[in-house]
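Enquirer: My structure is stored as query-v3.txt, with compact mmCIF, C-alpha atoms.
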# COMPACT_ATOMS: atom_id res chain seq x y z
CA MET A 28 35.70 45.70 -40.54
CA PRO A 29 33.74 44.01 -37.77
CA VAL A 30 31.01 41.59 -38.70
CA ALA A 31 27.64 42.12 -37.03
CA ALA A 32 26.64 39.31 -34.70
CA ARG A 33 23.76 37.23 -35.93
CA ARG A 34 20.97 36.59 -33.51
CA LEU A 35 18.98 33.42 -33.58
CA PRO A 36 15.26 33.94 -33.78
CA SER A 37 13.34 33.17 -30.57
CA TRP A 38 11.56 30.21 -32.16
CA ALA A 39 14.95 28.54 -32.71
CA TRP A 40 15.83 28.91 -29.02
CA VAL A 41 12.45 27.57 -27.91
CA THR A 42 12.71 24.64 -30.33
CA GLY A 43 16.23 23.83 -29.13
CA LEU A 44 15.31 23.98 -25.46
CA THR A 45 12.17 21.88 -26.01
CA ALA A 46 14.14 19.24 -27.93
CA GLY A 47 16.76 19.16 -25.15
CA ALA A 48 14.08 18.72 -22.48
CA ILE A 49 12.49 15.87 -24.42
CA VAL A 50 15.86 14.11 -24.68
CA VAL A 51 16.46 14.48 -20.92
CA VAL A 52 12.98 13.18 -20.03
CA GLY A 53 13.45 10.26 -22.42
CA ALA A 54 16.81 9.38 -20.86
CA LEU A 55 15.34 9.53 -17.35
CA THR A 56 12.44 7.32 -18.44
CA VAL A 57 14.84 4.70 -19.79
CA ARG A 58 16.83 4.77 -16.53
CA ALA A 59 13.64 4.42 -14.47
CA GLU A 60 12.52 1.42 -16.52
CA GLU A 61 15.87 -0.27 -15.84
CA GLY A 62 15.63 0.34 -12.07
CA PRO A 63 13.83 -1.70 -9.41
CA HIS A 64 10.06 -2.09 -9.64
CA PRO A 65 7.78 -2.23 -6.57
CA THR A 66 6.65 -5.62 -5.32
CA ALA A 67 5.18 -6.89 -2.08
CA SER A 68 8.74 -7.13 -0.80
CA ALA A 69 9.36 -3.39 -1.14
CA ALA A 70 11.89 -3.51 1.71
CA ALA A 71 14.08 -6.03 3.49
CA LYS A 72 12.93 -9.58 4.21
CA PRO A 73 10.79 -9.97 7.34
CA SER A 74 12.83 -10.56 10.48
CA ALA A 75 11.13 -9.63 13.76
CA SER A 76 8.05 -10.98 15.52
CA ALA A 77 5.24 -9.66 17.68
CA SER A 78 3.54 -11.26 20.64
CA ALA A 79 -0.11 -12.24 20.33
CA GLY A 80 -1.24 -9.66 22.90
CA ALA A 81 0.87 -6.79 21.65
CA LYS A 82 -0.80 -3.66 20.38
CA PRO A 83 0.82 -1.73 17.55
CA ALA A 84 3.02 1.17 18.54
CA ALA A 85 1.76 4.68 17.90
CA SER A 86 3.60 4.66 14.59
CA PRO A 87 4.44 1.20 13.22
CA SER A 88 7.74 0.79 11.47
CA ALA A 89 7.76 1.29 7.71
CA VAL A 90 10.31 -1.54 7.55
CA PRO A 91 8.43 -4.81 7.22
CA THR A 92 8.70 -7.18 10.14
CA ALA A 93 7.19 -10.59 10.53
CA ALA A 94 6.03 -13.24 12.84
CA PRO A 95 5.46 -16.64 11.24
CA VAL A 96 2.38 -16.83 9.04
CA PRO A 97 -0.37 -18.30 11.26
CA ASP A 98 -1.25 -21.97 10.88
CA GLY A 99 -4.64 -22.54 9.30
CA SER A 100 -4.40 -19.42 7.15
CA GLY A 101 -4.84 -21.30 3.89
CA THR A 102 -2.44 -21.84 1.03
CA GLY A 103 -1.39 -19.99 -2.09
CA ARG A 104 -1.15 -16.29 -2.77
CA ARG A 105 -3.16 -14.42 -0.14
CA VAL A 106 -3.45 -11.63 2.41
CA VAL A 107 -3.58 -12.99 5.97
CA TYR A 108 -5.05 -10.85 8.75
CA SER A 109 -4.70 -11.97 12.40
CA LEU A 110 -7.27 -10.41 14.72
CA GLY A 111 -5.30 -11.30 17.87
CA GLN A 112 -1.90 -10.16 16.62
CA ARG A 113 -3.27 -7.12 14.78
CA ARG A 114 -0.96 -8.07 11.96
CA VAL A 115 -1.15 -8.60 8.19
CA TRP A 116 1.00 -10.85 6.00
CA LEU A 117 1.31 -10.66 2.21
CA VAL A 118 1.97 -14.27 1.20
CA ASP A 119 3.09 -15.16 -2.33
CA ALA A 120 2.16 -18.35 -4.21
CA ASP A 121 5.40 -19.97 -3.00
CA GLU A 122 4.08 -19.72 0.59
CA GLU A 123 6.67 -17.11 1.57
CA ALA A 124 5.56 -14.03 3.49
CA ARG A 125 6.88 -11.15 1.40
CA ARG A 126 5.85 -8.51 3.90
CA SER A 127 4.25 -8.35 7.34
CA PHE A 128 3.18 -5.38 9.43
CA THR A 129 1.03 -4.32 12.36
CA VAL A 130 -2.31 -2.58 11.85
CA TRP A 131 -4.88 -0.52 13.77
CA PRO A 132 -8.26 -2.27 13.50
CA GLY A 133 -11.59 -0.46 13.54
CA THR A 134 -14.32 -1.22 16.06
CA VAL A 135 -15.99 -3.90 13.89
CA ASP A 136 -13.87 -7.00 13.23
CA PRO A 137 -14.56 -9.41 10.38
CA ASP A 138 -15.36 -12.98 11.38
CA PRO A 139 -12.52 -15.47 10.87
CA GLY A 140 -12.78 -17.07 7.44
CA ARG A 141 -11.94 -16.77 3.76
CA TYR A 142 -12.83 -13.65 1.77
CA THR A 143 -11.82 -12.07 -1.51
CA VAL A 144 -10.96 -8.49 -2.34
CA SER A 145 -14.25 -7.22 -3.78
CA LEU A 146 -13.55 -3.55 -4.43
CA ARG A 147 -10.63 -1.15 -4.45
CA LYS A 148 -10.82 2.62 -4.17
CA ASP A 149 -7.91 5.04 -4.64
CA ALA A 150 -8.97 7.55 -1.99
CA THR A 151 -11.91 8.83 0.03
CA THR A 152 -12.72 10.17 3.48
CA GLY A 153 -13.19 7.52 6.16
CA SER A 154 -16.21 7.38 8.45
CA ASP A 155 -14.00 8.97 11.12
CA GLY A 156 -13.39 12.03 8.90
CA VAL A 157 -9.76 11.10 8.07
CA LYS A 158 -8.67 11.27 4.41
CA ILE A 159 -7.60 7.76 3.44
CA GLU A 160 -6.12 6.04 0.39
CA HIS A 161 -5.40 2.53 -0.93
CA ILE A 162 -8.78 1.22 0.27
CA VAL A 163 -9.10 -2.55 -0.25
CA TYR A 164 -12.59 -3.84 0.64
CA PHE A 165 -13.07 -7.51 1.48
CA SER A 166 -16.00 -7.94 3.91
CA ALA A 167 -19.00 -6.38 5.62
CA LYS A 168 -20.50 -7.06 9.04
CA SER A 169 -23.46 -5.47 10.82
CA GLY A 170 -23.88 -3.04 7.92
CA VAL A 171 -20.26 -1.85 8.19
CA ASN A 172 -17.86 -2.29 5.26
CA ILE A 173 -14.50 -3.72 6.27
CA ALA A 174 -11.40 -2.65 4.36
CA PHE A 175 -7.66 -2.11 4.64
CA SER A 176 -6.47 1.49 4.16
CA ASN A 177 -3.93 4.08 5.25
CA ALA A 178 -4.29 7.73 6.16
CA VAL A 179 -3.15 10.06 3.36
CA ASP A 180 -1.07 12.08 5.84
CA GLY A 181 0.45 8.88 7.31
CA SER A 182 -1.07 9.44 10.76
CA SER A 183 -2.44 6.72 13.00
CA PRO A 184 -6.16 6.86 13.70
CA PRO A 185 -7.36 8.25 17.01
CA PRO A 186 -9.21 5.85 19.31
CA ALA A 187 -12.77 5.19 18.16
CA SER A 188 -15.35 7.29 20.00
CA GLY A 189 -18.39 5.04 20.08
CA GLY A 190 -18.93 4.86 16.31
CA GLN A 191 -18.74 1.66 14.30
CA THR A 192 -15.76 1.63 11.94
CA GLY A 193 -14.52 -1.19 9.74
CA GLY A 194 -11.30 0.41 8.54
CA ILE A 195 -8.14 -1.56 9.25
CA ARG A 196 -5.50 1.16 9.09
CA MET A 197 -1.80 0.75 8.49
CA ALA A 198 1.30 2.83 7.91
CA LYS A 199 1.52 4.58 4.54
CA ALA A 200 4.29 2.32 3.12
CA ASP A 201 2.37 -0.79 4.20
CA GLY A 202 -0.80 0.58 2.57
CA SER A 203 1.11 1.04 -0.70
CA ALA A 204 2.47 -2.52 -0.51
CA LEU A 205 -0.96 -4.01 0.20
CA TRP A 206 -2.49 -1.94 -2.62
CA ALA A 207 0.12 -3.31 -5.07
CA PHE A 208 -0.42 -6.88 -3.81
CA GLY A 209 -4.19 -7.02 -3.26
CA ALA A 210 -5.86 -6.83 -6.66
CA THR A 211 -9.60 -7.48 -6.94
CA GLY A 212 -10.17 -11.22 -6.42
CA THR A 213 -7.15 -11.71 -4.13
CA THR A 214 -7.87 -14.10 -1.25
CA VAL A 215 -7.99 -12.60 2.26
CA ARG A 216 -7.82 -15.05 5.17
CA VAL A 217 -8.89 -13.73 8.57
CA VAL A 218 -7.65 -15.79 11.53
CA GLU A 219 -7.94 -15.43 15.31
Written as structure tokens, how would this file's structure read?

Expert:
Amino acid sequence: MPVAARRLPSWAWVTGLTAGAIVVVGALTVRAEEGPHPTASAAAKPSASASAGAKPAASPSAVPTAAPVPDGSGTGRRVVYSLGQRRVWLVDADEEARRSFTVWPGTVDPDPGRYTVSLRKDATTGSDGVKIEHIVYFSAKSGVNIAFSNAVDGSSPPPASGGQTGGIRMAKADGSALWAFGATGTTVRVVE
């Protein structure tokens, strides 16, 4: 005589599937915690250099490259921004440049000198109408706030059309690295 198959109630299936999903998410979380964590050196060590008169390419490389950190840029952990080279360095306390990259400056440059990161904002729309993220403010000049940022869509900014802008734009990966490095209070040294 055949035995009738027993069906599990639907709540048992849902409970089993939920428990399985929780175990999988927990295992993935443990694996993620054991993996690499982002730092200012998110990619390979710096290796290339740029000439003082060079302008950044239409889309700077996401791989960090570096020229030597400029003389007279201070000491200790800091962000160094060269107006002439249109380049930023993220320098750790051991005086080693962990990352360097080219940038697209706005129409208003900060004066050379020492500043500190005064405000950080996750995202907003820039004065040029471009959606930006990782905004790191450090100066103001002529009523224009000056900050590092990157476009949300990763695009480069179009040439300024007569307006005053203080945004110093960079590639998306570089914006993420600067955001992770440049907490409020971080020193920013602007050099010629």

Enquirer: CA of Ser100 (chain A) to CA of Arg113 (chain A): how many Å, to one decimal?

Expert: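 Computed distance, CA of Ser100 (chain A) to CA of Arg113 (chain A), equals 14.5 Å.
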
Enquirer: Tell me which protein, DNA and RNA residues are within 8 Å of region 168-180 of chain A, counting only C-alpha atoms, leaving out same-chain ones fewer than 4 positions away, and put them as a ChimeraX atom specification.

Expert: /A:135-137,157-164,184,191-199,202

Enquirer: Nearest to Thr213 (chain A): which of A:Arg141, A:Gly153, A:Arg105, A:Ser127 is it, counting only C-alpha atoms?

Expert: A:Arg105

Enquirer: Rank A:Trp206, A:Thr134, A:Ala94, A:Ala39 by their smallest atom-to-atom distance to Ala150 (chain A), using only C-alpha atoms, and report the top residue only.

Expert: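 For Ala150 (chain A), the nearest of the given residues is A:Trp206.
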
Enquirer: Which polymer residues have any atom within 9 Å of an atom of Pro97 (chain A), counting only C-alpha atoms, with same-chain residues fewer than 6 positions away left out, as JSON, numbers by chain?

Expert: {"A": [107, 109, 218]}

Enquirer: Considering only C-alpha atoms, can you say which of A:Val217, A:Asp98, A:Asp149, A:Ala204 comes closest to Leu117 (chain A)?

Expert: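 Counting only C-alpha atoms, the residue closest to Leu117 (chain A) is A:Ala204.
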
Enquirer: Determine the nearest neighbour of Leu110 (chain A) from the options A:Val130, A:Val144, A:Ala200, A:Leu205, counting all atoms listed in the file.

Expert: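 Looking at the shortest contact to Leu110 (chain A), the residue is A:Val130.
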
Enquirer: Could you jot down the CA of Ala210 (chain A) to CA of Ser182 (chain A) separation for me, Å, one decimal place?

Expert: 24.3 Å

Enquirer: Which value, in Å to one decimal, gives the distance between CA of Asp201 (chain A) and CA of Gly189 (chain A)?

Expert: 26.8 Å
